[in-house]
Amino acid sequence: MKTLAGTWLALTGKRMSDLASSISRELGVSGFWARQVCAGEKVPSVELLHGLVGFFKVNGGEAFFTVPDSQSRPFASPRAPGADVD
């Protein structure tokens, strides 16, 4: 999650507080929780993981989080909000 959040921040040019607020609104969780998950300090439940996959538009969906790290690189490209999928 920390890598996804960092990539999202780099792509959008926004701050962590903006990301946490967006996740909070979209998933109905606290901004504090969202910030902890994005910092890699908390692990989301399966239900919230589905929501985060949708939020970050992760290629490969939940598989990104379950395959070995060496195989996850093709999935590790979250798209900026509003980016169209091929």
# chains A, B, ... in the order shown; residues from 1 in each chain; ligands from 1
>>> residues_around(residues="Ser22 in chain A", least_positions_apart="3", cutoff="9 Å", atoms="only C-alpha atoms", output="VMD selection string")
chain A and resid 17 to 19 25 to 27 31 34 55
>>> atom_distance(atom1="CA of Glu47 in chain A", atom2="CA of Met16 in chain A")
22.3 Å
>>> atom_distance(atom1="CA of Ser45 in chain A", atom2="CA of Thr7 in chain A")
21.6 Å
>>> select_by_dssp(residues="range 17-68 of chain A", states="helix (DSSP H, G or I)", output="JSON, numbers by chain")
{"A": [17, 18, 19, 20, 21, 22, 23, 24, 25, 26, 27, 31, 32, 33, 34, 35, 36, 37, 38, 46, 47, 48, 49, 50, 51, 52, 53, 54, 55, 56, 63, 64, 65, 66]}
>>> atom_distance(atom1="CA of Trp33 in chain A", atom2="CA of Asn59 in chain A")
23.8 Å
>>> closest_residue(among="A:Lys14, A:Phe56, A:Ala20, A:Leu9", to="Val37 in chain A", atoms="only C-alpha atoms")
A:Ala20
